[in-house]
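Trainee: As input, take structure_27.cif (mmCIF, C-alpha atoms and all ligand atoms):
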```
data_entry
#
loop_
_atom_site.group_PDB
_atom_site.id
_atom_site.type_symbol
_atom_site.label_atom_id
_atom_site.label_comp_id
_atom_site.auth_asym_id
_atom_site.auth_seq_id
_atom_site.Cartn_x
_atom_site.Cartn_y
_atom_site.Cartn_z
ATOM 1 C CA MET A 1 -18.757 38.006 -3.657
ATOM 2 C CA ALA A 2 -15.312 37.153 -2.237
ATOM 3 C CA ALA A 3 -12.675 36.153 -4.810
ATOM 4 C CA ARG A 4 -12.142 32.425 -5.141
ATOM 5 C CA GLN A 5 -9.024 31.269 -3.339
ATOM 6 C CA LYS A 6 -6.159 30.223 -5.575
ATOM 7 C CA ILE A 7 -4.914 26.673 -5.313
ATOM 8 C CA LEU A 8 -2.420 24.473 -7.137
ATOM 9 C CA ILE A 9 -2.772 20.708 -6.701
ATOM 10 C CA ASP A 10 0.302 18.488 -6.763
ATOM 11 C CA CYS A 11 -0.949 14.923 -7.067
ATOM 12 C CA ASP A 12 -0.594 11.291 -8.154
ATOM 13 C CA PRO A 13 -4.059 10.271 -9.412
ATOM 14 C CA GLY A 14 -5.310 8.016 -7.874
ATOM 15 C CA HIS A 15 -9.056 7.656 -7.239
ATOM 16 C CA ASP A 16 -9.199 10.126 -4.368
ATOM 17 C CA ASP A 17 -6.864 12.551 -6.154
ATOM 18 C CA ALA A 18 -9.372 12.646 -9.017
ATOM 19 C CA VAL A 19 -12.139 13.634 -6.616
ATOM 20 C CA ALA A 20 -9.930 16.291 -5.017
ATOM 21 C CA ILE A 21 -9.246 17.899 -8.404
ATOM 22 C CA LEU A 22 -12.912 17.923 -9.404
ATOM 23 C CA PHE A 23 -13.982 19.270 -6.001
ATOM 24 C CA ALA A 24 -11.365 22.038 -5.972
ATOM 25 C CA ALA A 25 -12.188 23.144 -9.506
ATOM 26 C CA ARG A 26 -15.823 23.756 -8.585
ATOM 27 C CA HIS A 27 -15.116 25.882 -5.520
ATOM 28 C CA MET A 28 -11.716 27.467 -5.962
ATOM 29 C CA ASP A 29 -9.488 29.078 -8.570
ATOM 30 C CA LEU A 30 -7.478 26.011 -9.584
ATOM 31 C CA VAL A 31 -4.391 27.505 -11.240
ATOM 32 C CA GLY A 32 -2.802 24.204 -12.165
ATOM 33 C CA VAL A 33 -2.315 20.523 -11.550
ATOM 34 C CA THR A 34 1.136 18.998 -11.258
ATOM 35 C CA SER A 35 1.860 15.287 -11.363
ATOM 36 C CA VAL A 36 4.290 13.258 -9.332
ATOM 37 C CA HIS A 37 5.210 9.585 -8.935
ATOM 38 C CA GLY A 38 3.344 7.796 -6.157
ATOM 39 C CA ASN A 39 0.223 5.714 -6.574
ATOM 40 C CA ASN A 40 1.643 4.657 -9.929
ATOM 41 C CA SER A 41 4.405 5.521 -12.382
ATOM 42 C CA LEU A 42 4.773 9.171 -13.331
ATOM 43 C CA GLU A 43 3.618 8.315 -16.847
ATOM 44 C CA ASN A 44 0.368 6.898 -15.490
ATOM 45 C CA THR A 45 -0.292 9.520 -12.822
ATOM 46 C CA THR A 46 0.260 12.219 -15.461
ATOM 47 C CA ARG A 47 -2.064 10.521 -17.925
ATOM 48 C CA ASN A 48 -4.651 10.119 -15.193
ATOM 49 C CA ALA A 49 -4.369 13.798 -14.226
ATOM 50 C CA LEU A 50 -4.957 14.767 -17.858
ATOM 51 C CA ALA A 51 -7.902 12.375 -18.084
ATOM 52 C CA VAL A 52 -9.532 13.857 -14.973
ATOM 53 C CA VAL A 53 -9.077 17.422 -16.181
ATOM 54 C CA GLU A 54 -10.542 16.405 -19.534
ATOM 55 C CA MET A 55 -13.432 14.542 -17.931
ATOM 56 C CA GLY A 56 -14.338 17.635 -15.897
ATOM 57 C CA LYS A 57 -13.876 19.905 -18.946
ATOM 58 C CA LEU A 58 -11.528 21.975 -16.818
ATOM 59 C CA ASP A 59 -9.463 24.714 -18.360
ATOM 60 C CA VAL A 60 -6.470 23.986 -16.163
ATOM 61 C CA PRO A 61 -2.822 23.407 -17.144
ATOM 62 C CA VAL A 62 -1.194 20.111 -16.187
ATOM 63 C CA ALA A 63 2.584 19.942 -15.672
ATOM 64 C CA LYS A 64 4.565 16.754 -15.330
ATOM 65 C CA GLY A 65 6.874 16.402 -12.353
ATOM 66 C CA CYS A 66 9.356 14.070 -10.713
ATOM 67 C CA ALA A 67 9.451 10.359 -11.478
ATOM 68 C CA GLU A 68 11.303 9.211 -8.361
ATOM 69 C CA PRO A 69 11.784 10.090 -4.714
ATOM 70 C CA LEU A 70 14.716 12.329 -3.722
ATOM 71 C CA ALA A 71 16.924 9.775 -2.035
ATOM 72 C CA GLN A 72 15.171 6.525 -1.219
ATOM 73 C CA GLU A 73 14.126 3.624 -3.401
ATOM 74 C CA PRO A 74 10.642 3.926 -4.962
ATOM 75 C CA VAL A 75 8.006 2.106 -2.910
ATOM 76 C CA GLY A 76 6.276 0.620 -5.964
ATOM 77 C CA ILE A 77 2.740 1.116 -7.184
ATOM 78 C CA ALA A 78 -0.212 1.280 -4.796
ATOM 79 C CA ALA A 79 -2.409 -1.794 -5.207
ATOM 80 C CA MET A 80 -5.464 0.138 -3.990
ATOM 81 C CA HIS A 81 -5.646 2.061 -7.280
ATOM 82 C CA GLY A 82 -5.054 -0.860 -9.646
ATOM 83 C CA LYS A 83 -2.632 -1.339 -12.516
ATOM 84 C CA SER A 84 -3.300 1.976 -14.243
ATOM 85 C CA GLY A 85 -3.530 3.980 -11.033
ATOM 86 C CA LEU A 86 -7.176 4.646 -11.880
ATOM 87 C CA ASP A 87 -8.763 1.245 -12.455
ATOM 88 C CA GLY A 88 -12.474 0.486 -12.418
ATOM 89 C CA ALA A 89 -13.881 2.521 -15.299
ATOM 90 C CA GLU A 90 -13.402 2.843 -19.014
ATOM 91 C CA ILE A 91 -11.635 6.166 -19.319
ATOM 92 C CA ALA A 92 -10.713 7.354 -22.792
ATOM 93 C CA GLU A 93 -7.070 8.146 -23.480
ATOM 94 C CA PRO A 94 -6.865 11.910 -22.897
ATOM 95 C CA THR A 95 -6.372 14.182 -25.867
ATOM 96 C CA ARG A 96 -5.002 16.959 -23.652
ATOM 97 C CA ARG A 97 -1.245 17.311 -23.308
ATOM 98 C CA VAL A 98 1.005 18.513 -20.509
ATOM 99 C CA ILE A 99 2.495 21.986 -20.761
ATOM 100 C CA ASP A 100 6.165 22.370 -21.694
ATOM 101 C CA THR A 101 7.174 23.540 -18.224
ATOM 102 C CA HIS A 102 8.354 21.006 -15.626
ATOM 103 C CA ALA A 103 6.112 20.807 -12.550
ATOM 104 C CA VAL A 104 8.865 22.136 -10.280
ATOM 105 C CA ASP A 105 9.302 25.256 -12.421
ATOM 106 C CA PHE A 106 5.551 25.632 -12.795
ATOM 107 C CA ILE A 107 5.019 25.554 -9.029
ATOM 108 C CA ILE A 108 7.646 28.263 -8.609
ATOM 109 C CA ALA A 109 6.170 30.370 -11.421
ATOM 110 C CA MET A 110 2.639 30.145 -10.008
ATOM 111 C CA ALA A 111 3.844 30.961 -6.497
ATOM 112 C CA GLU A 112 5.650 34.028 -7.801
ATOM 113 C CA GLN A 113 2.685 35.128 -9.892
ATOM 114 C CA HIS A 114 0.246 34.737 -6.983
ATOM 115 C CA LYS A 115 2.512 35.840 -4.149
ATOM 116 C CA GLU A 116 1.110 35.330 -0.630
ATOM 117 C CA GLU A 117 -2.152 34.136 -2.143
ATOM 118 C CA LEU A 118 -1.458 30.671 -3.440
ATOM 119 C CA ILE A 119 -2.418 27.578 -1.480
ATOM 120 C CA LEU A 120 -0.305 24.619 -2.480
ATOM 121 C CA ALA A 121 -2.037 21.279 -2.025
ATOM 122 C CA THR A 122 0.200 18.230 -1.826
ATOM 123 C CA ILE A 123 -1.818 15.043 -2.065
ATOM 124 C CA GLY A 124 0.900 12.684 -3.256
ATOM 125 C CA PRO A 125 4.551 12.202 -2.328
ATOM 126 C CA GLU A 126 6.131 15.607 -1.710
ATOM 127 C CA THR A 127 9.037 15.310 -4.146
ATOM 128 C CA ASN A 128 8.045 18.178 -6.471
ATOM 129 C CA ILE A 129 7.521 20.563 -3.557
ATOM 130 C CA ALA A 130 10.840 19.689 -1.935
ATOM 131 C CA MET A 131 12.626 20.192 -5.253
ATOM 132 C CA ALA A 132 10.900 23.536 -5.753
ATOM 133 C CA LEU A 133 11.913 24.661 -2.261
ATOM 134 C CA ARG A 134 15.519 23.747 -2.943
ATOM 135 C CA ARG A 135 15.528 25.469 -6.312
ATOM 136 C CA GLU A 136 13.786 28.673 -5.216
ATOM 137 C CA PRO A 137 14.164 29.461 -1.516
ATOM 138 C CA ARG A 138 11.912 32.529 -1.886
ATOM 139 C CA LEU A 139 9.027 30.096 -2.258
ATOM 140 C CA LYS A 140 8.869 30.182 1.532
ATOM 141 C CA ASN A 141 7.710 33.773 1.389
ATOM 142 C CA TRP A 142 5.503 33.396 -1.639
ATOM 143 C CA ILE A 143 3.297 30.442 -0.653
ATOM 144 C CA ARG A 144 0.373 31.296 1.645
ATOM 145 C CA GLU A 145 -0.058 27.797 3.030
ATOM 146 C CA ILE A 146 0.700 24.192 2.137
ATOM 147 C CA THR A 147 -2.182 21.827 2.666
ATOM 148 C CA VAL A 148 -0.995 18.260 3.026
ATOM 149 C CA MET A 149 -2.812 14.969 2.761
ATOM 150 C CA GLY A 150 -0.248 12.863 4.481
ATOM 151 C CA GLY A 151 0.889 11.377 7.730
ATOM 152 C CA SER A 152 -1.233 10.465 10.701
ATOM 153 C CA THR A 153 -1.550 11.223 14.384
ATOM 154 C CA THR A 154 -2.179 7.523 15.017
ATOM 155 C CA LEU A 155 -2.030 4.542 12.683
ATOM 156 C CA GLY A 156 -0.468 4.367 9.246
ATOM 157 C CA ASN A 157 -1.589 2.519 6.140
ATOM 158 C CA ILE A 158 1.645 1.470 4.454
ATOM 159 C CA THR A 159 3.367 0.637 7.759
ATOM 160 C CA PRO A 160 1.769 0.439 11.191
ATOM 161 C CA VAL A 161 2.786 4.050 11.786
ATOM 162 C CA ALA A 162 3.523 5.602 8.379
ATOM 163 C CA GLU A 163 1.091 6.904 5.796
ATOM 164 C CA PHE A 164 1.769 6.307 2.085
ATOM 165 C CA ASN A 165 2.466 9.852 0.815
ATOM 166 C CA ILE A 166 5.070 10.495 3.481
ATOM 167 C CA PHE A 167 6.596 7.027 3.269
ATOM 168 C CA ALA A 168 6.910 7.279 -0.528
ATOM 169 C CA ASP A 169 9.450 10.107 -0.172
ATOM 170 C CA VAL A 170 10.433 10.631 3.432
ATOM 171 C CA GLU A 171 13.263 13.102 2.784
ATOM 172 C CA ALA A 172 10.977 15.257 0.639
ATOM 173 C CA ALA A 173 8.337 15.302 3.371
ATOM 174 C CA TRP A 174 11.011 16.280 5.894
ATOM 175 C CA ALA A 175 12.048 19.236 3.703
ATOM 176 C CA VAL A 176 8.435 20.401 3.439
ATOM 177 C CA TYR A 177 7.660 20.005 7.159
ATOM 178 C CA GLU A 178 10.838 21.859 8.124
ATOM 179 C CA SER A 179 10.384 24.603 5.502
ATOM 180 C CA GLY A 180 8.740 27.134 7.806
ATOM 181 C CA ILE A 181 5.786 27.526 5.416
ATOM 182 C CA PRO A 182 2.469 27.313 7.316
ATOM 183 C CA LEU A 183 1.230 23.727 7.028
ATOM 184 C CA ARG A 184 -2.247 22.286 7.274
ATOM 185 C CA MET A 185 -2.037 18.525 7.592
ATOM 186 C CA VAL A 186 -4.873 16.074 7.321
ATOM 187 C CA GLY A 187 -3.690 12.557 7.952
ATOM 188 C CA TYR A 188 -4.858 8.982 7.806
ATOM 189 C CA ASN A 189 -6.273 9.196 11.339
ATOM 190 C CA VAL A 190 -9.043 11.377 9.891
ATOM 191 C CA THR A 191 -9.207 10.374 6.229
ATOM 192 C CA ARG A 192 -9.493 6.623 6.852
ATOM 193 C CA GLN A 193 -13.066 7.000 8.067
ATOM 194 C CA THR A 194 -14.021 9.795 5.677
ATOM 195 C CA GLY A 195 -15.117 8.098 2.498
ATOM 196 C CA PHE A 196 -17.809 7.024 0.080
ATOM 197 C CA ASP A 197 -19.990 4.155 1.202
ATOM 198 C CA GLN A 198 -22.103 1.997 -1.076
ATOM 199 C CA GLY A 199 -24.980 4.449 -0.717
ATOM 200 C CA ASP A 200 -22.854 7.304 -2.060
ATOM 201 C CA ILE A 201 -21.763 5.208 -5.005
ATOM 202 C CA ASP A 202 -25.381 4.268 -5.724
ATOM 203 C CA ARG A 203 -26.374 7.928 -5.515
ATOM 204 C CA MET A 204 -23.743 8.896 -8.074
ATOM 205 C CA ARG A 205 -24.642 6.004 -10.374
ATOM 206 C CA GLY A 206 -28.361 6.717 -10.101
ATOM 207 C CA SER A 207 -27.936 10.381 -11.021
ATOM 208 C CA GLY A 208 -27.751 9.574 -14.721
ATOM 209 C CA LYS A 209 -24.863 12.028 -15.086
ATOM 210 C CA LYS A 210 -21.858 10.940 -17.113
ATOM 211 C CA VAL A 211 -19.050 12.102 -14.818
ATOM 212 C CA ALA A 212 -20.817 10.788 -11.714
ATOM 213 C CA GLY A 213 -21.327 7.455 -13.483
ATOM 214 C CA VAL A 214 -17.613 7.130 -14.253
ATOM 215 C CA LEU A 215 -16.771 8.110 -10.684
ATOM 216 C CA ALA A 216 -19.222 5.514 -9.361
ATOM 217 C CA ASP A 217 -17.422 2.786 -11.333
ATOM 218 C CA LEU A 218 -14.031 4.006 -10.147
ATOM 219 C CA MET A 219 -15.144 4.179 -6.532
ATOM 220 C CA ALA A 220 -16.755 0.746 -6.606
ATOM 221 C CA PHE A 221 -13.358 -0.681 -7.588
ATOM 222 C CA TYR A 222 -11.558 1.346 -4.918
ATOM 223 C CA LEU A 223 -14.103 0.454 -2.217
ATOM 224 C CA GLU A 224 -13.663 -3.235 -2.961
ATOM 225 C CA LYS A 225 -9.876 -2.864 -2.637
ATOM 226 C CA GLN A 226 -10.309 -1.090 0.688
ATOM 227 C CA ARG A 227 -12.617 -3.875 1.859
ATOM 228 C CA GLN A 228 -10.133 -6.535 0.843
ATOM 229 C CA GLY A 229 -7.101 -4.700 2.215
ATOM 230 C CA TYR A 230 -8.304 -3.137 5.443
ATOM 231 C CA GLY A 231 -11.851 -4.382 5.955
ATOM 232 C CA LEU A 232 -13.185 -0.852 5.484
ATOM 233 C CA THR A 233 -16.788 -0.171 4.533
ATOM 234 C CA VAL A 234 -15.964 3.216 3.051
ATOM 235 C CA ALA A 235 -13.623 4.151 0.217
ATOM 236 C CA PRO A 236 -11.502 6.794 1.964
ATOM 237 C CA MET A 237 -11.474 10.175 0.261
ATOM 238 C CA HIS A 238 -8.102 11.066 1.727
ATOM 239 C CA ASP A 239 -7.108 13.758 -0.705
ATOM 240 C CA VAL A 240 -10.236 15.862 -0.866
ATOM 241 C CA CYS A 241 -9.915 16.349 2.902
ATOM 242 C CA ALA A 242 -6.950 18.623 2.171
ATOM 243 C CA ILE A 243 -9.176 20.849 0.018
ATOM 244 C CA VAL A 244 -12.437 20.882 1.989
ATOM 245 C CA PRO A 245 -11.373 23.355 4.733
ATOM 246 C CA TYR A 246 -11.046 26.149 2.164
ATOM 247 C CA VAL A 247 -14.645 25.592 1.161
ATOM 248 C CA ASP A 248 -16.173 24.892 4.576
ATOM 249 C CA ASP A 249 -14.015 25.320 7.661
ATOM 250 C CA SER A 250 -16.537 23.680 9.982
ATOM 251 C CA LEU A 251 -15.959 20.120 8.738
ATOM 252 C CA ILE A 252 -12.478 19.353 10.086
ATOM 253 C CA ASP A 253 -11.003 20.300 13.474
ATOM 254 C CA TYR A 254 -7.304 21.100 13.725
ATOM 255 C CA LEU A 255 -4.816 21.504 16.516
ATOM 256 C CA HIS A 256 -1.921 23.941 16.066
ATOM 257 C CA THR A 257 1.078 21.935 17.102
ATOM 258 C CA SER A 258 4.365 20.367 16.103
ATOM 259 C CA ALA A 259 4.433 17.674 13.413
ATOM 260 C CA ARG A 260 7.849 16.246 12.559
ATOM 261 C CA ILE A 261 8.992 13.619 10.102
ATOM 262 C CA GLU A 262 10.816 10.552 11.397
ATOM 263 C CA LEU A 263 13.709 9.941 8.996
ATOM 264 C CA ASN A 264 15.148 6.941 10.785
ATOM 265 C CA GLY A 265 13.873 4.241 13.080
ATOM 266 C CA THR A 266 13.773 0.512 12.606
ATOM 267 C CA TYR A 267 9.977 0.486 12.477
ATOM 268 C CA THR A 268 9.088 4.164 12.370
ATOM 269 C CA ARG A 269 10.669 5.720 9.249
ATOM 270 C CA GLY A 270 8.091 7.964 7.588
ATOM 271 C CA MET A 271 6.035 8.466 10.728
ATOM 272 C CA THR A 272 4.661 11.956 11.401
ATOM 273 C CA VAL A 273 5.369 12.588 15.055
ATOM 274 C CA CYS A 274 2.576 14.925 16.146
ATOM 275 C CA ASP A 275 2.695 16.462 19.581
ATOM 276 C CA LEU A 276 -0.808 16.055 20.999
ATOM 277 C CA ARG A 277 0.259 16.418 24.616
ATOM 278 C CA ASN A 278 -1.164 19.914 24.947
ATOM 279 C CA LEU A 279 1.900 20.904 26.979
ATOM 280 C CA LYS A 280 1.340 24.241 28.661
ATOM 281 C CA SER A 281 4.817 24.607 30.016
ATOM 282 C CA VAL A 282 7.805 22.487 29.137
ATOM 283 C CA ALA A 283 9.655 23.716 32.226
ATOM 284 C CA ALA A 284 6.794 22.799 34.533
ATOM 285 C CA THR A 285 6.441 19.298 33.188
ATOM 286 C CA ASN A 286 10.057 18.538 32.373
ATOM 287 C CA MET A 287 8.820 16.726 29.283
ATOM 288 C CA ARG A 288 11.084 16.109 26.293
ATOM 289 C CA ASN A 289 11.122 16.746 22.558
ATOM 290 C CA ALA A 290 8.851 19.761 22.580
ATOM 291 C CA THR A 291 9.411 21.588 19.298
ATOM 292 C CA ALA A 292 7.752 24.742 18.001
ATOM 293 C CA PRO A 293 4.322 24.373 16.363
ATOM 294 C CA ASN A 294 4.697 24.175 12.590
ATOM 295 C CA ALA A 295 1.332 22.803 11.501
ATOM 296 C CA LEU A 296 -2.388 22.709 11.904
ATOM 297 C CA VAL A 297 -2.962 19.004 12.424
ATOM 298 C CA ALA A 298 -6.381 17.492 11.772
ATOM 299 C CA VAL A 299 -7.743 15.621 14.763
ATOM 300 C CA ASN A 300 -11.397 15.133 13.926
ATOM 301 C CA ALA A 301 -13.846 15.405 11.028
ATOM 302 C CA ARG A 302 -17.578 15.468 10.534
ATOM 303 C CA SER A 303 -17.149 12.764 7.955
ATOM 304 C CA ARG A 304 -20.755 12.270 6.866
ATOM 305 C CA ALA A 305 -21.376 15.968 6.266
ATOM 306 C CA LEU A 306 -18.039 16.296 4.504
ATOM 307 C CA ILE A 307 -18.745 13.427 2.127
ATOM 308 C CA ASP A 308 -22.263 14.718 1.415
ATOM 309 C CA ARG A 309 -20.697 18.033 0.416
ATOM 310 C CA VAL A 310 -18.257 16.262 -1.879
ATOM 311 C CA VAL A 311 -20.934 14.112 -3.551
ATOM 312 C CA ASP A 312 -23.182 17.167 -4.019
ATOM 313 C CA THR A 313 -20.286 18.878 -5.779
ATOM 314 C CA LEU A 314 -19.471 15.923 -8.018
ATOM 315 C CA LEU A 315 -23.109 15.813 -9.092
ATOM 316 C CA THR A 316 -22.752 19.321 -10.546
ATOM 317 C CA TYR A 317 -20.665 17.844 -13.382
ATOM 318 C CA ASP A 318 -22.638 16.828 -16.466
HETATM 319 C C1 LIG B 1 -2.759 8.639 0.138
HETATM 320 O O1 LIG B 1 -2.108 7.634 -0.630
HETATM 321 C C2 LIG B 1 -2.712 7.514 -1.885
HETATM 322 O O2 LIG B 1 -2.943 6.199 -2.200
HETATM 323 C C3 LIG B 1 -3.966 8.342 -1.860
HETATM 324 O O3 LIG B 1 -4.186 8.932 -3.112
HETATM 325 C C4 LIG B 1 -3.704 9.361 -0.794
HETATM 326 O O4 LIG B 1 -3.076 10.503 -1.322
HETATM 327 C C5 LIG B 1 -3.429 7.985 1.331
HETATM 328 O O5 LIG B 1 -2.487 7.366 2.122
HETATM 329 CA CA CA B 2 -2.932 10.917 -3.698
#
```
Please render this file's structure as structure tokens.

Mentor:
Amino acid sequence: MAARQKILIDCDPGHDDAVAILFAARHMDLVGVTSVHGNNSLENTTRNALAVVEMGKLDVPVAKGCAEPLAQEPVGIAAMHGKSGLDGAEIAEPTRRVIDTHAVDFIIAMAEQHKEELILATIGPETNIAMALRREPRLKNWIREITVMGGSTTLGNITPVAEFNIFADVEAAWAVYESGIPLRMVGYNVTRQTGFDQGDIDRMRGSGKKVAGVLADLMAFYLEKQRQGYGLTVAPMHDVCAIVPYVDDSLIDYLHTSARIELNGTYTRGMTVCDLRNLKSVAATNMRNATAPNALVAVNARSRALIDRVVDTLLTYD
């Protein structure tokens, strides 16, 4: 049997972050979870990360990361996830504790230990990753690939064109996208329609399993918020979409192209400008702003099959 791929998840749980952690732990070698500000305060996202790891009985270290974006003002907590960042279920205060190492140092240490093997998943604002890149430039050679939930090829969620994780620390995202490390980006254009519907929630609740029952309560809360906020009939599972391709590469289609971060712009700060023109020759077309491909950008997903795979996995927890 092939060795399980190594992954470290940098996150801000978050309902969909919780699912991403539990999914990854079942299929991959999850070497650690690092927390960052984003959906909620760092205190709360860290507590939530510990609670998820505890709920899944995962033997995985959790390291606490950065509390604020690099340069900009914090965007404030994400209403979609409620006051605690993980509202909707009674979750016991975790007994687990974070490790003594800061997330930035932990990311560097894991990348060095698992050189050219480690996949780094960023499913929150990219502050910890940008800090790690600044602190240890050799990270660029050590990381195999960064898988990003962030950005969009079309609409945004926090602004008409910007997605939350990018918008919550635009300079950090810029540093990651310009790092030269191979990127795999799944954005809001795909994740918005890839989520749990009421039937999935009922399936989890009806399973009689404890973890699935807690997740059903969490997702019912999150689905209602998505209904109220965007009129959606699914609770988008944004973050797990960054993990799924390592488990089944047939579920999301990518285009290898250029994805750049808009730092300025009156209405466009935080936008991911993805070149979908399929330019064959810049000279022949005389088109502008063609930059070298730096990312695999998700353009399409088989959402139903993907979500079925995720629910099946969550049902393996007791
Ligand atoms: C992203 O923002 C957060 O609210 C989710 O956890 C996800 O990472 C979607 O825009
Ligand atoms: Ca997230």

Trainee: To one decimal in Å, tell me the separation between atom CA of Gly199 of chain A and atom CA of Cys11 of chain A.

Mentor: 27.0 Å

Trainee: Counting only C-alpha atoms and all ligand atoms, which residues in chain A sit no more than 10 Å from ligand LIG 1 (chain B)? For each one, give the nearest pair of atoms and the distance in Å, sorted by chain then residue number, as a tab-separated table.

Mentor:
```
residue	atom	partner	partner_atom	distance
A:Cys11	CA	B:LIG1	O4	7.6
A:Asp12	CA	B:LIG1	O3	6.6
A:Pro13	CA	B:LIG1	O3	6.4
A:Gly14	CA	B:LIG1	O3	5.0
A:His15	CA	B:LIG1	O3	6.5
A:Asp16	CA	B:LIG1	O3	5.3
A:Asp17	CA	B:LIG1	O3	5.4
A:Ala18	CA	B:LIG1	O3	8.7
A:Val19	CA	B:LIG1	O3	9.9
A:Ala20	CA	B:LIG1	O3	9.5
A:Gly38	CA	B:LIG1	C2	7.4
A:Asn39	CA	B:LIG1	O2	5.4
A:Asn40	CA	B:LIG1	O2	9.1
A:Ile77	CA	B:LIG1	O2	9.1
A:Ala78	CA	B:LIG1	O2	6.2
A:Ala79	CA	B:LIG1	O2	8.6
A:Met80	CA	B:LIG1	O2	6.8
A:His81	CA	B:LIG1	O2	7.1
A:Gly85	CA	B:LIG1	O2	9.1
A:Thr122	CA	B:LIG1	O4	8.4
A:Ile123	CA	B:LIG1	O4	4.8
A:Gly124	CA	B:LIG1	O4	4.9
A:Pro125	CA	B:LIG1	O4	7.9
A:Val148	CA	B:LIG1	O4	9.1
A:Met149	CA	B:LIG1	O4	6.1
A:Gly150	CA	B:LIG1	O5	6.4
A:Gly151	CA	B:LIG1	O5	7.7
A:Ser152	CA	B:LIG1	O5	9.2
A:Gly156	CA	B:LIG1	O5	8.0
A:Asn157	CA	B:LIG1	O5	6.4
A:Ile158	CA	B:LIG1	O5	7.6
A:Ala162	CA	B:LIG1	O5	8.9
A:Glu163	CA	B:LIG1	O5	5.1
A:Phe164	CA	B:LIG1	O5	4.4
A:Asn165	CA	B:LIG1	O1	5.3
A:Ile166	CA	B:LIG1	O5	8.3
A:Phe167	CA	B:LIG1	O5	9.2
A:Ala168	CA	B:LIG1	O1	9.0
A:Gly187	CA	B:LIG1	O5	7.9
A:Tyr188	CA	B:LIG1	O5	6.4
A:Thr191	CA	B:LIG1	C5	7.9
A:Arg192	CA	B:LIG1	C5	8.3
A:Pro236	CA	B:LIG1	C5	8.2
A:Met237	CA	B:LIG1	C4	7.9
A:His238	CA	B:LIG1	C4	5.3
A:Asp239	CA	B:LIG1	O4	5.2
A:Val240	CA	B:LIG1	O4	9.0
A:Cys241	CA	B:LIG1	O4	9.9
A:Ala242	CA	B:LIG1	O4	9.7
```

Trainee: With distances taken over all atoms listed in the file, which of A:Ile21, A:Ala292, A:Leu315, A:Leu276 is nearest to ligand CA 2 (chain B)?

Mentor: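 Looking at the shortest contact to ligand CA 2 (chain B), the residue is A:Ile21.
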
Trainee: Counting only C-alpha atoms, find residues at most 7 Å from (-4.0, 10.7, 16.8) (file frame) and give them as a list in words.

Mentor: Ser152, Thr153, Thr154, Asn189 and Val299 of chain A

Trainee: Rank A:Ala49, A:Ile108, A:Leu296, A:Ile119 by their smallest atom-to-atom distance to ligand CA 2 (chain B), using all atoms listed in the file, and report the top residue only.

Mentor: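 Closest to ligand CA 2 (chain B), using all atoms listed in the file: A:Ala49.
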
Trainee: For the PyMOL selection byres (((chain A and resi 259) around 12) and not hetatm), applied here, can you spell out every residue it catches as a PyMOL selection string?

Mentor: chain A and resi 148+150-153+173-174+176-178+180+182-187+255-258+260-262+270-276+289-298

Trainee: Output C-alpha atoms of each residue in that selection to a file, as a compact mmCIF listing (two decimals), in the coordinates of the input.

Mentor:
```
# COMPACT_ATOMS: atom_id res chain seq x y z
CA VAL A 148 -1.00 18.26 3.03
CA GLY A 150 -0.25 12.86 4.48
CA GLY A 151 0.89 11.38 7.73
CA SER A 152 -1.23 10.46 10.70
CA THR A 153 -1.55 11.22 14.38
CA ALA A 173 8.34 15.30 3.37
CA TRP A 174 11.01 16.28 5.89
CA VAL A 176 8.44 20.40 3.44
CA TYR A 177 7.66 20.00 7.16
CA GLU A 178 10.84 21.86 8.12
CA GLY A 180 8.74 27.13 7.81
CA PRO A 182 2.47 27.31 7.32
CA LEU A 183 1.23 23.73 7.03
CA ARG A 184 -2.25 22.29 7.27
CA MET A 185 -2.04 18.52 7.59
CA VAL A 186 -4.87 16.07 7.32
CA GLY A 187 -3.69 12.56 7.95
CA LEU A 255 -4.82 21.50 16.52
CA HIS A 256 -1.92 23.94 16.07
CA THR A 257 1.08 21.94 17.10
CA SER A 258 4.36 20.37 16.10
CA ARG A 260 7.85 16.25 12.56
CA ILE A 261 8.99 13.62 10.10
CA GLU A 262 10.82 10.55 11.40
CA GLY A 270 8.09 7.96 7.59
CA MET A 271 6.04 8.47 10.73
CA THR A 272 4.66 11.96 11.40
CA VAL A 273 5.37 12.59 15.06
CA CYS A 274 2.58 14.92 16.15
CA ASP A 275 2.70 16.46 19.58
CA LEU A 276 -0.81 16.06 21.00
CA ASN A 289 11.12 16.75 22.56
CA ALA A 290 8.85 19.76 22.58
CA THR A 291 9.41 21.59 19.30
CA ALA A 292 7.75 24.74 18.00
CA PRO A 293 4.32 24.37 16.36
CA ASN A 294 4.70 24.18 12.59
CA ALA A 295 1.33 22.80 11.50
CA LEU A 296 -2.39 22.71 11.90
CA VAL A 297 -2.96 19.00 12.42
CA ALA A 298 -6.38 17.49 11.77
```

Trainee: Excluding same-chain residues fewer than 2 positions from Glu116 of chain A, what lies within 10 Å of it counting all atoms listed in the file, as a PyMOL selection string?

Mentor: chain A and resi 111-114+118-119+139-145

Trainee: Output C-alpha atoms for every residue in that selection, as a tab-separated table (two decimals), in the frame of the given file.

Mentor:
```tsv
chain	number	residue	atom	x	y	z
A	111	ALA	CA	3.84	30.96	-6.50
A	112	GLU	CA	5.65	34.03	-7.80
A	113	GLN	CA	2.68	35.13	-9.89
A	114	HIS	CA	0.25	34.74	-6.98
A	118	LEU	CA	-1.46	30.67	-3.44
A	119	ILE	CA	-2.42	27.58	-1.48
A	139	LEU	CA	9.03	30.10	-2.26
A	140	LYS	CA	8.87	30.18	1.53
A	141	ASN	CA	7.71	33.77	1.39
A	142	TRP	CA	5.50	33.40	-1.64
A	143	ILE	CA	3.30	30.44	-0.65
A	144	ARG	CA	0.37	31.30	1.64
A	145	GLU	CA	-0.06	27.80	3.03
```
